[in-house]
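Engineer: The following file, structure35.csv, comprises CSV, C-alpha atoms:
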chain,number,residue,atom,x,y,z
X,1459,MET,CA,17.8,-5.2,-17.2
X,1460,LEU,CA,17.4,-2.5,-14.6
X,1461,TYR,CA,15.6,0.8,-15.0
X,1462,GLU,CA,16.7,3.6,-12.6
X,1463,GLY,CA,14.7,6.7,-11.9
X,1464,LYS,CA,11.0,7.7,-12.1
X,1465,PRO,CA,8.7,6.3,-14.8
X,1466,VAL,CA,7.4,9.8,-15.5
X,1467,TYR,CA,9.1,13.0,-16.8
X,1468,THR,CA,11.9,10.7,-18.2
X,1469,PRO,CA,10.8,12.1,-20.6
X,1470,ASP,CA,7.2,11.2,-20.1
X,1471,ALA,CA,4.8,8.7,-18.6
X,1472,GLY,CA,5.5,6.2,-21.4
X,1473,ALA,CA,9.0,5.4,-20.2
X,1474,PHE,CA,8.2,1.9,-18.9
X,1475,TRP,CA,6.3,1.0,-22.1
X,1476,ARG,CA,9.1,2.4,-24.3
X,1477,VAL,CA,11.7,0.3,-22.5
X,1478,CYS,CA,9.6,-2.9,-22.7
X,1479,ALA,CA,9.1,-2.4,-26.4
X,1480,GLU,CA,12.7,-1.4,-27.2
X,1481,TYR,CA,14.3,-4.3,-25.3
X,1482,LYS,CA,11.5,-6.9,-25.8
X,1483,VAL,CA,11.0,-7.3,-22.1
X,1484,LYS,CA,9.1,-10.4,-21.1
X,1485,ALA,CA,8.4,-9.6,-17.4
X,1486,LEU,CA,8.1,-6.2,-15.8
X,1487,PHE,CA,8.7,-5.9,-12.1
X,1488,ALA,CA,8.1,-2.7,-10.2
X,1489,ALA,CA,6.3,-1.2,-7.1
X,1490,PRO,CA,2.7,-0.2,-7.3
X,1491,THR,CA,3.7,3.4,-6.6
X,1492,ALA,CA,5.4,3.5,-10.1
X,1493,PHE,CA,2.1,2.6,-11.8
X,1494,ARG,CA,0.2,5.1,-9.7
X,1495,ALA,CA,2.6,7.8,-10.9
X,1496,ILE,CA,2.0,6.7,-14.5
X,1497,ARG,CA,-1.8,6.6,-14.0
X,1498,LYS,CA,-1.7,10.1,-12.5
X,1499,GLU,CA,0.2,11.6,-15.5
X,1500,ASP,CA,-1.5,9.6,-18.2
X,1501,PRO,CA,-4.9,8.5,-16.9
X,1502,ASP,CA,-6.1,7.1,-20.2
X,1503,ALA,CA,-2.8,5.4,-21.0
X,1504,GLU,CA,-2.6,7.2,-24.3
X,1505,LEU,CA,1.2,6.9,-24.4
X,1506,LEU,CA,1.0,3.1,-24.0
X,1507,LYS,CA,-0.6,3.0,-27.5
X,1508,ASN,CA,2.6,4.2,-29.0
X,1509,TYR,CA,4.5,1.0,-28.2
X,1510,ASP,CA,4.3,-2.7,-29.2
X,1511,LEU,CA,4.1,-4.8,-26.0
X,1512,ASN,CA,3.7,-8.2,-27.7
X,1513,THR,CA,6.7,-9.7,-26.0
X,1514,LEU,CA,5.6,-8.6,-22.5
X,1515,GLU,CA,4.0,-11.6,-20.8
X,1516,ARG,CA,3.4,-10.5,-17.2
X,1517,ILE,CA,3.6,-7.5,-14.9
X,1518,TYR,CA,4.7,-8.2,-11.3
X,1519,MET,CA,4.1,-5.8,-8.4
X,1520,ALA,CA,5.4,-5.9,-4.9
X,1521,GLY,CA,7.0,-3.8,-2.1
X,1522,GLU,CA,3.7,-2.3,-0.9
X,1523,ARG,CA,0.0,-2.9,-1.1
X,1524,LEU,CA,-1.4,-3.0,-4.6
X,1525,ASP,CA,-4.7,-1.2,-4.3
X,1526,PRO,CA,-7.6,-2.5,-6.5
X,1527,ALA,CA,-7.8,0.8,-8.4
X,1528,THR,CA,-4.2,0.6,-9.6
X,1529,TYR,CA,-4.5,-3.2,-10.3
X,1530,ASP,CA,-7.7,-2.6,-12.4
X,1531,TRP,CA,-6.2,0.3,-14.3
X,1532,THR,CA,-3.0,-1.7,-15.2
X,1533,VAL,CA,-4.9,-4.8,-16.3
X,1534,ALA,CA,-7.4,-2.8,-18.3
X,1535,HIS,CA,-4.8,-0.8,-20.3
X,1536,SER,CA,-2.0,-3.2,-20.6
X,1537,GLY,CA,-4.1,-6.3,-21.3
X,1538,LYS,CA,-1.4,-8.3,-19.4
X,1539,PRO,CA,-1.7,-10.5,-16.3
X,1540,VAL,CA,-0.8,-8.5,-13.2
X,1541,ILE,CA,0.7,-10.6,-10.4
X,1542,ASP,CA,0.7,-9.1,-7.0
X,1543,HIS,CA,2.8,-10.9,-4.3
X,1544,TRP,CA,3.7,-10.3,-0.7
X,1545,TRP,CA,6.9,-11.0,1.1
X,1546,GLN,CA,9.3,-9.4,3.5
X,1547,THR,CA,13.1,-8.8,3.7
X,1548,GLU,CA,13.1,-11.2,6.6
X,1549,THR,CA,11.6,-14.0,4.6
X,1550,GLY,CA,13.8,-13.6,1.5
X,1551,TRP,CA,11.1,-14.9,-0.9
X,1552,ALA,CA,7.4,-14.6,-1.5
X,1553,ILE,CA,5.0,-15.6,1.3
X,1554,SER,CA,1.9,-15.2,-0.9
X,1555,ALA,CA,1.8,-15.1,-4.7
X,1556,ASN,CA,0.1,-16.2,-7.9
X,1557,PRO,CA,2.4,-19.2,-8.8
X,1558,ALA,CA,3.0,-18.5,-12.5
X,1559,GLY,CA,5.6,-21.3,-12.6
X,1560,ILE,CA,3.0,-23.9,-11.6
X,1561,GLU,CA,-0.2,-22.4,-12.9
X,1562,LEU,CA,-1.8,-19.0,-12.9
X,1563,LEU,CA,-4.8,-18.8,-10.6
X,1564,PRO,CA,-7.8,-16.5,-11.0
X,1565,THR,CA,-6.9,-13.1,-9.5
X,1566,LYS,CA,-8.8,-11.0,-7.0
X,1567,ALA,CA,-8.1,-7.3,-6.9
X,1568,GLY,CA,-6.5,-6.3,-3.7
X,1569,SER,CA,-5.2,-9.8,-3.0
X,1570,ALA,CA,-1.7,-11.3,-3.2
X,1571,THR,CA,-3.5,-14.5,-4.2
X,1572,VAL,CA,-2.5,-17.5,-2.0
X,1573,PRO,CA,0.2,-18.6,0.4
X,1574,VAL,CA,2.9,-20.4,-1.4
X,1575,PRO,CA,4.3,-23.9,-0.4
X,1576,GLY,CA,6.5,-23.6,2.7
X,1577,TYR,CA,4.3,-21.1,4.6
X,1578,GLN,CA,1.3,-21.7,6.8
X,1579,VAL,CA,-0.4,-18.3,7.1
X,1580,ALA,CA,-2.8,-17.6,10.0
X,1581,ILE,CA,-4.9,-14.6,10.9
X,1582,LEU,CA,-4.8,-14.0,14.6
X,1583,ASP,CA,-6.6,-11.7,17.0
X,1584,HIS,CA,-4.6,-9.7,19.6
X,1585,ASN,CA,-4.9,-12.7,22.0
X,1586,GLY,CA,-3.3,-15.0,19.4
X,1587,GLN,CA,-6.6,-16.8,18.6
X,1588,PRO,CA,-7.3,-17.8,14.9
X,1589,LEU,CA,-9.9,-15.7,13.2
X,1590,ALA,CA,-12.5,-16.9,10.7
X,1591,ALA,CA,-12.5,-16.2,6.9
X,1592,ASN,CA,-13.0,-12.5,6.0
X,1593,GLN,CA,-12.1,-11.3,9.5
X,1594,GLN,CA,-9.2,-8.8,9.7
X,1595,GLY,CA,-6.4,-9.5,12.1
X,1596,ASN,CA,-2.7,-9.9,12.5
X,1597,ILE,CA,-1.0,-11.9,9.7
X,1598,ALA,CA,1.3,-14.5,11.3
X,1599,LEU,CA,3.3,-17.5,10.0
X,1600,LYS,CA,3.2,-20.8,11.8
X,1601,LEU,CA,6.6,-22.0,12.9
X,1602,PRO,CA,8.9,-23.4,11.7
X,1603,LEU,CA,9.7,-21.0,8.9
X,1604,PRO,CA,10.8,-22.5,5.6
X,1605,PRO,CA,14.4,-22.4,4.4
X,1606,GLY,CA,15.7,-19.0,3.3
X,1607,CYS,CA,14.1,-17.0,6.1
X,1608,LEU,CA,16.0,-15.3,8.9
X,1609,THR,CA,16.9,-17.4,11.9
X,1610,THR,CA,18.2,-14.6,14.1
X,1611,ILE,CA,19.4,-11.0,14.2
X,1612,TRP,CA,23.2,-10.5,13.9
X,1613,GLN,CA,24.6,-10.6,17.4
X,1614,ASN,CA,21.2,-10.0,18.9
X,1615,PRO,CA,19.1,-13.1,19.3
X,1616,GLU,CA,17.0,-11.6,22.0
X,1617,ARG,CA,15.8,-8.9,19.7
X,1618,PHE,CA,14.8,-11.5,17.2
X,1619,ASN,CA,12.7,-13.3,19.8
X,1620,SER,CA,11.1,-10.1,21.1
X,1621,GLY,CA,10.5,-8.6,17.7
X,1622,TYR,CA,9.1,-11.6,15.9
X,1623,LEU,CA,8.3,-14.6,18.1
X,1624,ARG,CA,7.1,-13.4,21.4
X,1625,GLN,CA,3.8,-11.7,20.5
X,1626,PHE,CA,2.2,-15.0,19.3
X,1627,PRO,CA,4.0,-18.1,20.7
X,1628,GLY,CA,4.5,-20.6,17.9
X,1629,TYR,CA,4.2,-18.0,15.2
X,1630,TYR,CA,6.3,-15.4,13.4
X,1631,ALA,CA,4.6,-12.0,13.7
X,1632,SER,CA,4.7,-10.3,10.3
X,1633,GLY,CA,3.7,-6.9,11.6
X,1634,ASP,CA,1.1,-6.7,8.8
X,1635,GLY,CA,-2.6,-6.9,9.1
X,1636,GLY,CA,-5.2,-8.5,6.7
X,1637,TYR,CA,-7.5,-11.4,6.2
X,1638,LEU,CA,-7.9,-14.7,4.3
X,1639,ASP,CA,-11.2,-15.0,2.4
X,1640,GLU,CA,-13.3,-18.1,2.0
X,1641,ASP,CA,-11.2,-19.3,-0.9
X,1642,GLY,CA,-7.9,-19.0,1.0
X,1643,TYR,CA,-6.8,-15.8,-0.8
X,1644,LEU,CA,-4.7,-13.5,1.3
X,1645,PHE,CA,-5.5,-9.7,1.5
X,1646,VAL,CA,-2.7,-7.7,3.1
X,1647,MET,CA,-4.2,-4.4,4.2
X,1648,GLY,CA,-1.1,-2.7,5.7
X,1649,ARG,CA,1.1,-2.5,8.7
X,1650,THR,CA,-0.7,-3.2,12.0
X,1651,ASP,CA,0.6,0.1,13.4
X,1652,ASP,CA,-1.5,1.8,10.6
X,1653,VAL,CA,-4.7,0.6,12.3
X,1654,ILE,CA,-6.4,3.6,13.9
X,1655,ASN,CA,-8.7,3.6,17.0
X,1656,VAL,CA,-11.7,5.8,16.4
X,1657,ALA,CA,-14.0,5.9,19.5
X,1658,GLY,CA,-13.1,2.3,20.4
X,1659,HIS,CA,-13.4,1.0,16.8
X,1660,ARG,CA,-10.2,-0.4,15.3
X,1661,LEU,CA,-10.2,0.6,11.6
X,1662,SER,CA,-7.8,-0.3,8.8
X,1663,THR,CA,-6.4,2.8,7.0
X,1664,GLY,CA,-5.7,0.4,4.1
X,1665,GLU,CA,-9.4,-0.3,3.8
X,1666,MET,CA,-10.1,3.4,3.8
X,1667,GLU,CA,-7.4,4.1,1.2
X,1668,GLU,CA,-8.9,1.4,-1.0
X,1669,ILE,CA,-12.2,3.3,-1.0
X,1670,VAL,CA,-10.7,6.7,-1.4
X,1671,ALA,CA,-8.5,5.5,-4.3
X,1672,SER,CA,-11.7,4.2,-6.1
X,1673,HIS,CA,-12.8,7.8,-6.7
X,1674,PRO,CA,-12.3,8.7,-10.4
X,1675,ALA,CA,-10.4,11.9,-9.6
X,1676,VAL,CA,-7.9,10.2,-7.3
X,1677,ALA,CA,-4.5,9.1,-8.6
X,1678,GLU,CA,-3.0,8.2,-5.2
X,1679,CYS,CA,-3.9,8.7,-1.6
X,1680,CYS,CA,-2.8,8.1,2.0
X,1681,VAL,CA,-5.0,7.9,5.1
X,1682,ILE,CA,-3.5,8.4,8.6
X,1683,GLY,CA,-5.0,8.7,12.1
X,1684,LEU,CA,-4.4,12.0,13.8
X,1685,ALA,CA,-4.8,12.5,17.5
X,1686,ASP,CA,-8.3,13.6,18.6
X,1687,PRO,CA,-9.2,14.6,22.1
X,1688,LEU,CA,-12.8,13.2,21.9
X,1689,LYS,CA,-12.5,10.1,19.7
X,1690,GLY,CA,-8.8,9.1,20.3
X,1691,GLN,CA,-7.9,9.3,16.6
X,1692,GLN,CA,-9.5,10.8,13.5
X,1693,PRO,CA,-8.8,9.7,10.0
X,1694,VAL,CA,-7.5,12.2,7.5
X,1695,GLY,CA,-6.9,11.6,3.8
X,1696,PHE,CA,-4.1,13.1,1.7
X,1697,ILE,CA,-5.0,13.1,-2.0
X,1698,LEU,CA,-3.0,13.3,-5.3
X,1699,LEU,CA,-5.3,14.2,-8.2
X,1700,LYS,CA,-5.0,12.7,-11.7
X,1701,ASN,CA,-3.7,15.2,-14.3
X,1702,GLY,CA,-6.5,17.2,-16.0
X,1703,VAL,CA,-9.0,16.7,-13.2
X,1704,ASP,CA,-11.0,19.8,-12.3
X,1705,ILE,CA,-12.6,19.5,-8.9
X,1706,THR,CA,-12.4,21.7,-5.8
X,1707,GLU,CA,-11.0,20.4,-2.5
X,1708,GLN,CA,-14.4,20.9,-0.8
X,1709,GLN,CA,-16.3,19.0,-3.5
X,1710,LEU,CA,-13.8,16.1,-3.4
X,1711,GLN,CA,-13.9,16.0,0.3
X,1712,THR,CA,-17.7,15.8,0.4
X,1713,GLU,CA,-17.7,13.0,-2.2
X,1714,LEU,CA,-15.0,11.0,-0.4
X,1715,VAL,CA,-16.7,11.4,3.0
X,1716,GLN,CA,-19.9,9.9,1.4
X,1717,LEU,CA,-18.0,7.1,-0.2
X,1718,VAL,CA,-16.4,6.0,3.1
X,1719,ARG,CA,-19.7,6.4,4.9
X,1720,GLU,CA,-21.5,4.1,2.4
X,1721,GLN,CA,-18.8,1.4,2.4
X,1722,ILE,CA,-17.6,1.4,6.0
X,1723,GLY,CA,-20.2,3.4,7.9
X,1724,ALA,CA,-20.5,6.5,9.9
X,1725,LEU,CA,-18.3,5.0,12.6
X,1726,ALA,CA,-15.2,5.6,10.4
X,1727,CYS,CA,-15.6,9.3,11.2
X,1728,PHE,CA,-13.8,10.1,7.9
X,1729,LYS,CA,-14.4,13.9,7.5
X,1730,GLN,CA,-11.3,15.5,6.1
X,1731,ALA,CA,-9.4,15.2,2.8
X,1732,LEU,CA,-6.6,17.4,1.6
X,1733,ILE,CA,-5.4,17.8,-1.9
X,1734,VAL,CA,-1.6,17.8,-1.9
X,1735,PRO,CA,1.0,18.3,-4.6
X,1736,ARG,CA,2.9,15.1,-3.6
X,1737,LEU,CA,3.4,12.7,-0.7
X,1738,PRO,CA,6.7,12.2,1.2
X,1739,LYS,CA,8.1,8.8,0.2
X,1740,THR,CA,11.2,6.7,0.4
X,1741,ARG,CA,13.2,6.2,-2.8
X,1742,SER,CA,11.6,2.8,-3.1
X,1743,GLY,CA,8.1,4.4,-3.1
X,1744,LYS,CA,6.8,3.8,0.4
X,1745,ILE,CA,4.8,6.6,1.9
X,1746,LEU,CA,6.3,7.9,5.2
X,1747,ARG,CA,3.1,7.6,7.2
X,1748,LYS,CA,4.7,7.8,10.6
X,1749,LEU,CA,6.4,11.1,9.6
X,1750,LEU,CA,3.1,12.5,8.5
X,1751,ARG,CA,1.6,11.7,12.0
X,1752,GLN,CA,4.6,13.2,13.7
X,1753,ILE,CA,4.3,16.4,11.7
X,1754,ALA,CA,0.5,16.6,12.5
X,1755,ASP,CA,1.1,15.9,16.2
X,1756,GLY,CA,3.7,18.6,16.5
X,1757,GLU,CA,6.4,16.1,17.4
X,1758,ASP,CA,10.1,16.3,16.7
X,1759,TYR,CA,11.1,14.0,13.9
X,1760,VAL,CA,14.2,12.8,12.1
X,1761,ILE,CA,14.2,13.0,8.4
X,1762,PRO,CA,15.2,9.5,7.2
X,1763,SER,CA,18.1,9.0,4.9
X,1764,THR,CA,15.9,7.0,2.6
X,1765,ILE,CA,13.5,9.9,1.8
X,1766,ASP,CA,13.2,10.7,-1.9
X,1767,ASP,CA,12.9,14.5,-1.5
X,1768,PRO,CA,13.0,16.2,1.9
X,1769,ALA,CA,11.3,19.3,0.4
X,1770,SER,CA,8.0,17.3,0.3
X,1771,LEU,CA,7.8,17.5,4.1
X,1772,SER,CA,7.6,21.3,4.2
X,1773,GLU,CA,5.0,21.2,1.4
X,1774,ILE,CA,2.7,18.8,3.2
X,1775,ALA,CA,3.3,20.6,6.6
X,1776,GLY,CA,2.0,23.8,4.8
X,1777,CYS,CA,-1.1,22.0,3.6
X,1778,MET,CA,-1.8,20.6,7.1
X,1779,SER,CA,-1.2,24.0,8.7
X,1780,LYS,CA,-3.7,25.7,6.3
X,1781,ARG,CA,-6.4,23.2,7.5
X,1782,GLY,CA,-5.5,23.6,11.1
X,1783,LEU,CA,-4.3,20.0,11.4
X,1784,ILE,CA,-1.0,20.6,13.2
X,1785,SER,CA,-1.1,20.3,17.0
X,1786,THR,CA,0.7,23.0,18.9
Would you mind writing the structure in this file as structure tokens?

Structural biologist:
Amino acid sequence: MLYEGKPVYTPDAGAFWRVCAEYKVKALFAAPTAFRAIRKEDPDAELLKNYDLNTLERIYMAGERLDPATYDWTVAHSGKPVIDHWWQTETGWAISANPAGIELLPTKAGSATVPVPGYQVAILDHNGQPLAANQQGNIALKLPLPPGCLTTIWQNPERFNSGYLRQFPGYYASGDGGYLDEDGYLFVMGRTDDVINVAGHRLSTGEMEEIVASHPAVAECCVIGLADPLKGQQPVGFILLKNGVDITEQQLQTELVQLVREQIGALACFKQALIVPRLPKTRSGKILRKLLRQIADGEDYVIPSTIDDPASLSEIAGCMSKRGLIST
């Protein structure tokens, strides 16, 4: 069955659990942003206790990175296996997953588990050289691609070659960055264009978001790199608070700066965090990071047709303006 609409305010943050109990759902499939919304409105999952989820066997998440904080919260409160998996429209099916149809493997928070049969995943540096375990780089798929993947772009084979095959000869360039650990588990950290350059250091915004999201007051977050005349780029965090949390923006910023410094180091130069009422997203839940950067850099931008609520842009622009983060 299909569920349309937000999982909160319809009428409350127990909507998913109600549907699962009422229709005896066996597998629930949704994007992580849906569970972050539930976690924000119902941090202790009190509403979940109202429903019998005995028939629910597994919860699947995909469409964007499943951060460890959301994974841990969902597992802890639902008591169900949470299966994260990574794929792209271009591949048509999962590249990396926990193969429930074969056997469930032990999970690792933040990982889409392992590459599935048919894909040979490699982590490459910018020169196309393979990287060792636990080193972040470009996620690429060794050719040939398995059946079901795209073979060209309609009436534009040159765009297919230039967009996917030219960057790393012999590989399909996914456009995502991440790493394989010593056990072969794949960690997808985000789009490679979300990597920021701070004083010559290439840093993953996904890694910073993982740290920021671990703060007990944070329901959801986004980190982007804004232009900086001295360091090239400067990371800035946009924070949604959990309901019922009482903390000032200054106190939260101080604690988040310390968290990032402890786990990444002073070189991250993470110094600013803004509490915002909501983040601009597509209707499928993807945060419009490029649009945030364009607003901050004072660039002209086009509002995408996929945006969930255009009014969120003026809200976040107002928050940036108050903190002096919009270039003129």

Engineer: Write out as a VMD selection string the residues lying within 7 Å of region 1487-1501 of chain X, counting only C-alpha atoms and excluding same-chain residues fewer than 4 positions away.

Structural biologist: chain X and resid 1465 to 1466 1471 1517 to 1522 1524 1528 1677 to 1678 1699 to 1701 1743

Engineer: Name all residues at most 9 Å from Asn1512 (chain X) (count only C-alpha atoms; drop same-chain ones fewer than 3 positions away) and give them as a list in words.

Structural biologist: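 That gives Ala1479, Lys1482, Lys1484 and Glu1515 of chain X.
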
Engineer: One decimal, Å: what's the distance from CA of Gln1546 (chain X) over to CA of Leu1638 (chain X), could you say?

Structural biologist: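 So the answer is 18.0 Å.
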
Engineer: What does the distance from CA of Leu1732 (chain X) to CA of Gln1711 (chain X) come to in Å, to one decimal?

Structural biologist: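 Separation between CA of Leu1732 (chain X) and CA of Gln1711 (chain X): 7.5 Å.
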
Engineer: Of the candidates X:Val1718, X:Ile1541, X:Val1670, X:Cys1727, which one gets nearest to Gln1691 (chain X) if we count all atoms listed in the file?

Structural biologist: X:Cys1727

Engineer: I want to know what sits within 12 Å of Ala1598 (chain X), based on all atoms listed in the file, with residues of the same chain fewer than 3 positions away left out; could you give that as a PyMOL selection string?

Structural biologist: chain X and resi 1553+1573+1577-1584+1586-1589+1595+1601-1603+1622-1638+1644+1646+1650

Engineer: Counting all atoms listed in the file, figure out which residue out of X:Pro1768, X:Gly1723, X:Pro1557, X:Gly1690 gets nearest to Arg1736 (chain X).

Structural biologist: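 Going through X:Pro1768, X:Gly1723, X:Pro1557, X:Gly1690 one by one, the smallest distance to Arg1736 (chain X) is for X:Pro1768.
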
Engineer: Once 6 Å is added on each side, what are the centre and the three edge lengths, in Å to one decimal, of the axis-aligned box enclosing the listed atoms of region 1767-1786 of chain X? Present them as lines of an AutoDock Vina configuration file.

Structural biologist:
center_x = 3.3
center_y = 20.1
center_z = 8.7
size_x = 31.4
size_y = 23.2
size_z = 32.4

Engineer: When you look at His1543 (chain X) with a cut-off of 6 Å (counting all atoms listed in the file), what residues show up, excluding the ones that are within fewer than 3 positions of it in the same chain? I need them as a list in words.

Structural biologist: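 Here the answer would be Ala1520, Ser1554, Ala1555 and Ala1570 of chain X.
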
Engineer: Please produce, as CSV, a per-residue contact table for region 1556-1656 of chain X versus region 1693-1696 of chain X (criterion: any atom at most 12 Å away, all atoms listed in the file considered), showing the nearest atom pair and its distance in Å to one decimal, sorted by chain then residue number.

Structural biologist:
residue,atom,partner,partner_atom,distance
X:Asp1652,CA,X:Pro1693,CA,10.8
X:Val1653,CA,X:Pro1693,CA,10.2
X:Ile1654,CA,X:Pro1693,CA,7.6
X:Asn1655,CA,X:Pro1693,CA,9.3
X:Val1656,CA,X:Pro1693,CA,8.0

Engineer: Ranking X:Ala1552, X:Ala1534, X:Val1540, X:Leu1771 by minimum distance to Pro1564 (chain X) and counting only C-alpha atoms, which one comes first?

Structural biologist: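 Selected residue with least distance to Pro1564 (chain X): X:Val1540.
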
Engineer: Work out how far CA of Ile1761 (chain X) is from CA of Leu1749 (chain X), in Å to one decimal.

Structural biologist: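 Going from CA of Leu1749 (chain X) over to CA of Ile1761 (chain X), I get 8.1 Å.
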
Engineer: From the list X:Thr1565, X:Gln1708, X:Gln1692, X:Ile1722, which residue is nearest Met1666 (chain X) when using only C-alpha atoms?

Structural biologist: X:Ile1722

Engineer: Just give me the residues with any atom within 12 Å of (4.5, -4.6, -24.3), file coordinates, counting all atoms listed in the file, written as number ranges by chain.

Structural biologist: X: 1472-1486, 1505-1517, 1535-1539

Engineer: Take the residues that were just selected and, keeping C-alpha atoms, output them as a CSV table (one decimal), in the frame of the given file.

Structural biologist:
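For reference, part.csv as written:
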chain,number,residue,atom,x,y,z
X,1472,GLY,CA,5.5,6.2,-21.4
X,1473,ALA,CA,9.0,5.4,-20.2
X,1474,PHE,CA,8.2,1.9,-18.9
X,1475,TRP,CA,6.3,1.0,-22.1
X,1476,ARG,CA,9.1,2.4,-24.3
X,1477,VAL,CA,11.7,0.3,-22.5
X,1478,CYS,CA,9.6,-2.9,-22.7
X,1479,ALA,CA,9.1,-2.4,-26.4
X,1480,GLU,CA,12.7,-1.4,-27.2
X,1481,TYR,CA,14.3,-4.3,-25.3
X,1482,LYS,CA,11.5,-6.9,-25.8
X,1483,VAL,CA,11.0,-7.3,-22.1
X,1484,LYS,CA,9.1,-10.4,-21.1
X,1485,ALA,CA,8.4,-9.6,-17.4
X,1486,LEU,CA,8.1,-6.2,-15.8
X,1505,LEU,CA,1.2,6.9,-24.4
X,1506,LEU,CA,1.0,3.1,-24.0
X,1507,LYS,CA,-0.6,3.0,-27.5
X,1508,ASN,CA,2.6,4.2,-29.0
X,1509,TYR,CA,4.5,1.0,-28.2
X,1510,ASP,CA,4.3,-2.7,-29.2
X,1511,LEU,CA,4.1,-4.8,-26.0
X,1512,ASN,CA,3.7,-8.2,-27.7
X,1513,THR,CA,6.7,-9.7,-26.0
X,1514,LEU,CA,5.6,-8.6,-22.5
X,1515,GLU,CA,4.0,-11.6,-20.8
X,1516,ARG,CA,3.4,-10.5,-17.2
X,1517,ILE,CA,3.6,-7.5,-14.9
X,1535,HIS,CA,-4.8,-0.8,-20.3
X,1536,SER,CA,-2.0,-3.2,-20.6
X,1537,GLY,CA,-4.1,-6.3,-21.3
X,1538,LYS,CA,-1.4,-8.3,-19.4
X,1539,PRO,CA,-1.7,-10.5,-16.3

Engineer: Counting only C-alpha atoms, figure out which residue out of X:Ala1685, X:Tyr1759, X:Trp1551, X:Tyr1643 gets nearest to Leu1563 (chain X).

Structural biologist: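 Among the listed residues, the smallest separation from Leu1563 (chain X) belongs to X:Tyr1643.
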
Engineer: Which residue gives the smallest distance to Gly1550 (chain X) among X:Ala1775, X:Gly1664, X:Leu1608, X:Leu1750, with only C-alpha atoms counted?

Structural biologist: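 Nearest to Gly1550 (chain X): X:Leu1608.
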